[in-house]
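Right, one structure below, let's go through it.
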Amino acid sequence: KLANCQDLFFKEQESGALVGAMAALLEKAGKAPKNTHVISAVGGISIPPVNHYIAGYKWAAKMFDPSIKVLVGYSNDFNDPAKCKSIANSQIGQKAEFVFQVAGGCGLGALQAAGQAKVYSFGVDADQKDADKSVIASALKKVDVAVYDAIKAVVDNQFKAGESRFSLQNDATGYQVDNLDLPADIKTQVDKLAADIKSGAQVPPADIPNPSQP
């Protein structure tokens, strides 16, 4: 490792878990668009940061609604919205009514597909409420928090080379409610899950549970 370099890693599965829980709770409460109990994720390339998000999403959705189906597809692309839109449309055709995009610019097509089909979607990394009216929440990766901490460490003469991990414990993961008036009882349950993850009482997996099963 280089003495002046620091690797910033995030527990994306935590943020994925929070929007997965939200989807399942809305389904159970009868507040999903069609109450099909089918949700989906559109990933870019099958790499750890992408799969971390999807792992948490599926894990939490199944925890709150064991009967829910979670469809997962990959575009093998992070740039072409048409590819992700096609995958999302296929998932929506299989009754998915929450689409979680984890594919960068490509994923904008998935959000558009959700909007056109009048189902819900989740943004990724940053608050994506302006990307499409279908976005009801975003799973956050707060890179600004990590960069600030690294710069502050330099200023305070406490910089350490190597790997740094960021999570709910240092407010670097989380979720943002967007174009939806989320019922208070559901928000309370999602926030309780966040608190349990932060305390270590719940630990979202980094690997997708039962990847061969929806």
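Following the order of the structure tokens, chains are lettered A, B, ..., residues in each are numbered from 1, and ligands are numbered from 1.
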
Selection: 7 Å around stretch 86-103 of chain A, only C-alpha atoms, excl. self and same-chain fewer than 4 positions, as a JSON list (two decimals) with C-alpha atoms, in the first residue's frame:
```json
[["chain", "number", "residue", "atom", "x", "y", "z"],
["A", 23, "ALA", "CA", -40.81, -2.05, -0.18],
["A", 33, "PRO", "CA", -49.31, 0.21, -6.51],
["A", 36, "THR", "CA", -48.31, -8.08, -6.15],
["A", 38, "VAL", "CA", -43.00, -8.83, -6.30],
["A", 39, "ILE", "CA", -40.06, -6.42, -6.30],
["A", 40, "SER", "CA", -36.89, -6.24, -8.37],
["A", 41, "ALA", "CA", -33.37, -4.93, -8.71],
["A", 42, "VAL", "CA", -31.49, -3.97, -11.87],
["A", 43, "GLY", "CA", -27.75, -4.24, -11.37],
["A", 44, "GLY", "CA", -25.03, -3.01, -13.67],
["A", 50, "VAL", "CA", -23.55, -3.65, -6.74],
["A", 71, "LEU", "CA", -36.27, -10.50, -9.18],
["A", 73, "GLY", "CA", -31.20, -8.81, -13.42],
["A", 78, "PHE", "CA", -23.32, 1.25, -16.40],
["A", 82, "ALA", "CA", -31.91, 1.46, -22.86],
["A", 107, "GLY", "CA", -30.15, 2.53, -14.24],
["A", 110, "ALA", "CA", -34.96, 1.41, -15.11],
["A", 111, "LEU", "CA", -36.39, 4.40, -13.27],
["A", 113, "ALA", "CA", -39.54, 2.19, -17.06],
["A", 114, "ALA", "CA", -41.03, 2.26, -13.57],
["A", 119, "VAL", "CA", -44.93, 1.50, -10.34],
["A", 120, "TYR", "CA", -42.41, 2.61, -7.72],
["A", 121, "SER", "CA", -38.64, 2.77, -7.94],
["A", 122, "PHE", "CA", -35.60, 3.30, -5.72],
["A", 123, "GLY", "CA", -32.58, 5.42, -6.61],
["A", 124, "VAL", "CA", -29.02, 4.57, -5.64]]
```

_Contacts of A:Asn51 within 10 Å, only C-alpha atoms, excl. fewer than 4 positions in-chain, as a PyMOL selection string_ = chain A and resi 12-13+16+43-47+55-57+102+205-208

DSSP alpha helix (DSSP H) residues within stretch 45-162 of chain A, as a compact mmCIF listing (two decimals) with N, CA and C atoms, in the first residue's frame:
```txt
# COMPACT_ATOMS: atom_id res chain seq x y z
N PRO A 48 -18.80 -6.54 -6.33
CA PRO A 48 -19.19 -6.40 -4.92
C PRO A 48 -20.05 -5.20 -4.56
N PRO A 49 -19.71 -3.96 -4.95
CA PRO A 49 -20.56 -2.85 -4.52
C PRO A 49 -22.01 -2.97 -5.00
N VAL A 50 -22.20 -3.46 -6.21
CA VAL A 50 -23.55 -3.65 -6.74
C VAL A 50 -24.27 -4.75 -5.97
N ASN A 51 -23.59 -5.87 -5.79
CA ASN A 51 -24.22 -7.00 -5.12
C ASN A 51 -24.47 -6.74 -3.64
N HIS A 52 -23.65 -5.90 -3.02
CA HIS A 52 -23.91 -5.54 -1.63
C HIS A 52 -25.28 -4.88 -1.50
N TYR A 53 -25.55 -3.91 -2.36
CA TYR A 53 -26.85 -3.23 -2.34
C TYR A 53 -27.99 -4.24 -2.49
N ILE A 54 -27.86 -5.11 -3.49
CA ILE A 54 -28.92 -6.07 -3.80
C ILE A 54 -29.07 -7.08 -2.67
N ALA A 55 -27.96 -7.48 -2.06
CA ALA A 55 -28.00 -8.43 -0.95
C ALA A 55 -28.82 -7.89 0.21
N GLY A 56 -28.54 -6.65 0.60
CA GLY A 56 -29.29 -6.05 1.70
C GLY A 56 -30.76 -5.87 1.35
N TYR A 57 -31.01 -5.47 0.12
CA TYR A 57 -32.38 -5.26 -0.37
C TYR A 57 -33.21 -6.53 -0.25
N LYS A 58 -32.67 -7.62 -0.76
CA LYS A 58 -33.39 -8.89 -0.74
C LYS A 58 -33.53 -9.41 0.68
N TRP A 59 -32.46 -9.33 1.45
CA TRP A 59 -32.47 -9.82 2.84
C TRP A 59 -33.55 -9.15 3.66
N ALA A 60 -33.61 -7.83 3.62
CA ALA A 60 -34.59 -7.10 4.43
C ALA A 60 -36.01 -7.31 3.91
N ALA A 61 -36.18 -7.33 2.60
CA ALA A 61 -37.51 -7.55 2.05
C ALA A 61 -38.06 -8.89 2.50
N LYS A 62 -37.23 -9.92 2.46
CA LYS A 62 -37.65 -11.26 2.89
C LYS A 62 -37.89 -11.31 4.40
N MET A 63 -37.14 -10.54 5.15
CA MET A 63 -37.31 -10.53 6.60
C MET A 63 -38.68 -9.97 6.97
N PHE A 64 -39.10 -8.90 6.30
CA PHE A 64 -40.37 -8.27 6.63
C PHE A 64 -41.56 -8.91 5.91
N PRO A 81 -28.91 3.63 -20.79
CA PRO A 81 -30.22 3.52 -20.15
C PRO A 81 -31.16 2.53 -20.83
N ALA A 82 -31.01 2.36 -22.14
CA ALA A 82 -31.91 1.46 -22.86
C ALA A 82 -31.78 0.02 -22.37
N LYS A 83 -30.57 -0.38 -22.02
CA LYS A 83 -30.36 -1.76 -21.55
C LYS A 83 -31.07 -1.99 -20.22
N CYS A 84 -30.94 -1.05 -19.30
CA CYS A 84 -31.59 -1.20 -18.00
C CYS A 84 -33.10 -1.05 -18.11
N LYS A 85 -33.54 -0.21 -19.02
CA LYS A 85 -34.98 -0.04 -19.22
C LYS A 85 -35.60 -1.34 -19.70
N SER A 86 -34.90 -2.04 -20.58
CA SER A 86 -35.40 -3.31 -21.10
C SER A 86 -35.52 -4.35 -19.98
N ILE A 87 -34.50 -4.41 -19.12
CA ILE A 87 -34.54 -5.37 -18.01
C ILE A 87 -35.67 -5.02 -17.05
N ALA A 88 -35.80 -3.74 -16.72
CA ALA A 88 -36.86 -3.32 -15.81
C ALA A 88 -38.24 -3.62 -16.39
N ASN A 89 -38.42 -3.38 -17.67
CA ASN A 89 -39.70 -3.67 -18.30
C ASN A 89 -40.03 -5.16 -18.23
N SER A 90 -39.00 -6.00 -18.39
CA SER A 90 -39.21 -7.44 -18.26
C SER A 90 -39.64 -7.80 -16.84
N GLN A 91 -38.99 -7.19 -15.86
CA GLN A 91 -39.34 -7.45 -14.46
C GLN A 91 -40.75 -6.95 -14.15
N ILE A 92 -41.09 -5.78 -14.65
CA ILE A 92 -42.43 -5.24 -14.44
C ILE A 92 -43.47 -6.14 -15.10
N GLY A 93 -43.10 -6.73 -16.23
CA GLY A 93 -43.98 -7.69 -16.89
C GLY A 93 -44.21 -8.94 -16.05
N LEU A 108 -30.85 4.74 -14.96
CA LEU A 108 -31.85 5.78 -15.20
C LEU A 108 -32.97 5.25 -16.09
N GLY A 109 -32.61 4.33 -16.97
CA GLY A 109 -33.62 3.71 -17.83
C GLY A 109 -34.59 2.85 -17.03
N ALA A 110 -34.09 2.21 -15.97
CA ALA A 110 -34.96 1.41 -15.11
C ALA A 110 -35.95 2.30 -14.38
N LEU A 111 -35.49 3.46 -13.93
CA LEU A 111 -36.39 4.40 -13.27
C LEU A 111 -37.46 4.90 -14.23
N GLN A 112 -37.06 5.17 -15.47
CA GLN A 112 -38.02 5.62 -16.48
C GLN A 112 -39.06 4.54 -16.76
N ALA A 113 -38.61 3.29 -16.83
CA ALA A 113 -39.54 2.19 -17.06
C ALA A 113 -40.57 2.12 -15.95
N ALA A 114 -40.11 2.28 -14.71
CA ALA A 114 -41.03 2.26 -13.57
C ALA A 114 -42.04 3.39 -13.66
N GLY A 115 -41.56 4.58 -14.02
CA GLY A 115 -42.46 5.71 -14.14
C GLY A 115 -43.52 5.51 -15.20
N GLN A 116 -43.11 4.97 -16.34
CA GLN A 116 -44.05 4.76 -17.43
C GLN A 116 -45.08 3.68 -17.10
N ALA A 117 -44.67 2.72 -16.27
CA ALA A 117 -45.58 1.63 -15.88
C ALA A 117 -46.40 1.98 -14.63
N VAL A 143 -20.56 9.51 -0.07
CA VAL A 143 -19.14 9.69 -0.38
C VAL A 143 -18.62 10.99 0.22
N ASP A 144 -19.49 12.00 0.30
CA ASP A 144 -19.06 13.28 0.87
C ASP A 144 -18.61 13.12 2.32
N VAL A 145 -19.29 12.25 3.07
CA VAL A 145 -18.90 12.00 4.47
C VAL A 145 -17.52 11.36 4.53
N ALA A 146 -17.30 10.37 3.66
CA ALA A 146 -16.01 9.67 3.66
C ALA A 146 -14.87 10.60 3.27
N VAL A 147 -15.10 11.41 2.24
CA VAL A 147 -14.05 12.33 1.79
C VAL A 147 -13.76 13.38 2.85
N TYR A 148 -14.81 13.89 3.48
CA TYR A 148 -14.62 14.87 4.56
C TYR A 148 -13.79 14.27 5.68
N ASP A 149 -14.10 13.03 6.07
CA ASP A 149 -13.35 12.39 7.15
C ASP A 149 -11.88 12.22 6.78
N ALA A 150 -11.63 11.87 5.52
CA ALA A 150 -10.24 11.69 5.08
C ALA A 150 -9.49 13.02 5.10
N ILE A 151 -10.13 14.08 4.61
CA ILE A 151 -9.49 15.40 4.61
C ILE A 151 -9.25 15.89 6.04
N LYS A 152 -10.25 15.68 6.89
CA LYS A 152 -10.11 16.10 8.29
C LYS A 152 -8.95 15.37 8.97
N ALA A 153 -8.79 14.09 8.63
CA ALA A 153 -7.69 13.32 9.22
C ALA A 153 -6.34 13.91 8.81
N VAL A 154 -6.25 14.38 7.56
CA VAL A 154 -5.01 15.02 7.11
C VAL A 154 -4.78 16.30 7.89
N VAL A 155 -5.83 17.12 7.99
CA VAL A 155 -5.71 18.40 8.71
C VAL A 155 -5.32 18.18 10.17
```

*Using only C-alpha atoms, pick whichever of A:Ala184, A:Ala3, A:Leu193, A:Ala32 has the shortest atom-to-atom distance to A:Ile136.*
A:Ala32

*Secondary structure check, strand (DSSP E) residues of stretch 13-184 of chain A, as a PyMOL selection string*: chain A and resi 38-43+69-74+98-102+120-125+135-141+162-166+173-177

Generate the output file for the selected residues, C-alpha atoms, as a PDB file, in the first residue's frame.
```pdb
ATOM      1  CA  VAL A  38     -43.000  -8.826  -6.305  1.00  0.00           C
ATOM      2  CA  ILE A  39     -40.058  -6.417  -6.297  1.00  0.00           C
ATOM      3  CA  SER A  40     -36.893  -6.237  -8.367  1.00  0.00           C
ATOM      4  CA  ALA A  41     -33.372  -4.926  -8.712  1.00  0.00           C
ATOM      5  CA  VAL A  42     -31.492  -3.969 -11.873  1.00  0.00           C
ATOM      6  CA  GLY A  43     -27.751  -4.235 -11.368  1.00  0.00           C
ATOM      7  CA  LYS A  69     -40.410 -12.361  -4.627  1.00  0.00           C
ATOM      8  CA  VAL A  70     -37.233 -10.469  -5.494  1.00  0.00           C
ATOM      9  CA  LEU A  71     -36.271 -10.496  -9.181  1.00  0.00           C
ATOM     10  CA  VAL A  72     -32.657  -9.625 -10.008  1.00  0.00           C
ATOM     11  CA  GLY A  73     -31.197  -8.807 -13.417  1.00  0.00           C
ATOM     12  CA  TYR A  74     -27.911  -7.375 -14.692  1.00  0.00           C
ATOM     13  CA  PHE A  98     -40.725  -1.738  -6.929  1.00  0.00           C
ATOM     14  CA  VAL A  99     -37.603  -1.429  -9.105  1.00  0.00           C
ATOM     15  CA  PHE A 100     -34.259  -0.761  -7.397  1.00  0.00           C
ATOM     16  CA  GLN A 101     -31.684   0.579  -9.824  1.00  0.00           C
ATOM     17  CA  VAL A 102     -28.056  -0.281  -9.002  1.00  0.00           C
ATOM     18  CA  TYR A 120     -42.410   2.610  -7.724  1.00  0.00           C
ATOM     19  CA  SER A 121     -38.636   2.765  -7.937  1.00  0.00           C
ATOM     20  CA  PHE A 122     -35.602   3.305  -5.715  1.00  0.00           C
ATOM     21  CA  GLY A 123     -32.581   5.416  -6.607  1.00  0.00           C
ATOM     22  CA  VAL A 124     -29.019   4.572  -5.641  1.00  0.00           C
ATOM     23  CA  ASP A 125     -25.894   6.231  -4.204  1.00  0.00           C
ATOM     24  CA  VAL A 135     -38.559   7.331  -7.283  1.00  0.00           C
ATOM     25  CA  ILE A 136     -40.009   7.049  -3.773  1.00  0.00           C
ATOM     26  CA  ALA A 137     -36.678   6.719  -1.946  1.00  0.00           C
ATOM     27  CA  SER A 138     -32.953   6.430  -2.572  1.00  0.00           C
ATOM     28  CA  ALA A 139     -30.377   4.122  -0.991  1.00  0.00           C
ATOM     29  CA  LEU A 140     -27.482   6.386  -0.061  1.00  0.00           C
ATOM     30  CA  LYS A 141     -23.720   6.047  -0.221  1.00  0.00           C
ATOM     31  CA  GLY A 162      -4.982   1.626   3.918  1.00  0.00           C
ATOM     32  CA  GLU A 163      -8.644   0.710   4.072  1.00  0.00           C
ATOM     33  CA  SER A 164     -11.355   2.741   5.782  1.00  0.00           C
ATOM     34  CA  ARG A 165     -14.867   1.352   6.224  1.00  0.00           C
ATOM     35  CA  PHE A 166     -17.980   3.502   6.185  1.00  0.00           C
ATOM     36  CA  THR A 173     -24.994   4.944   4.540  1.00  0.00           C
ATOM     37  CA  GLY A 174     -28.754   5.344   4.859  1.00  0.00           C
ATOM     38  CA  TYR A 175     -31.833   6.267   2.853  1.00  0.00           C
ATOM     39  CA  GLN A 176     -33.742   9.320   1.702  1.00  0.00           C
ATOM     40  CA  VAL A 177     -37.512   9.346   1.248  1.00  0.00           C
TER      41      VAL A 177
END
```

*Which is closest to A:Lys11 among A:Asp171, A:Asp196, A:Asp181, A:Asp191, if we use only C-alpha atoms?*
A:Asp171

*Measure the distance from atom CA of A:Gln189 to atom CA of A:Ala126 in Å and round it to one decimal.*
22.0 Å
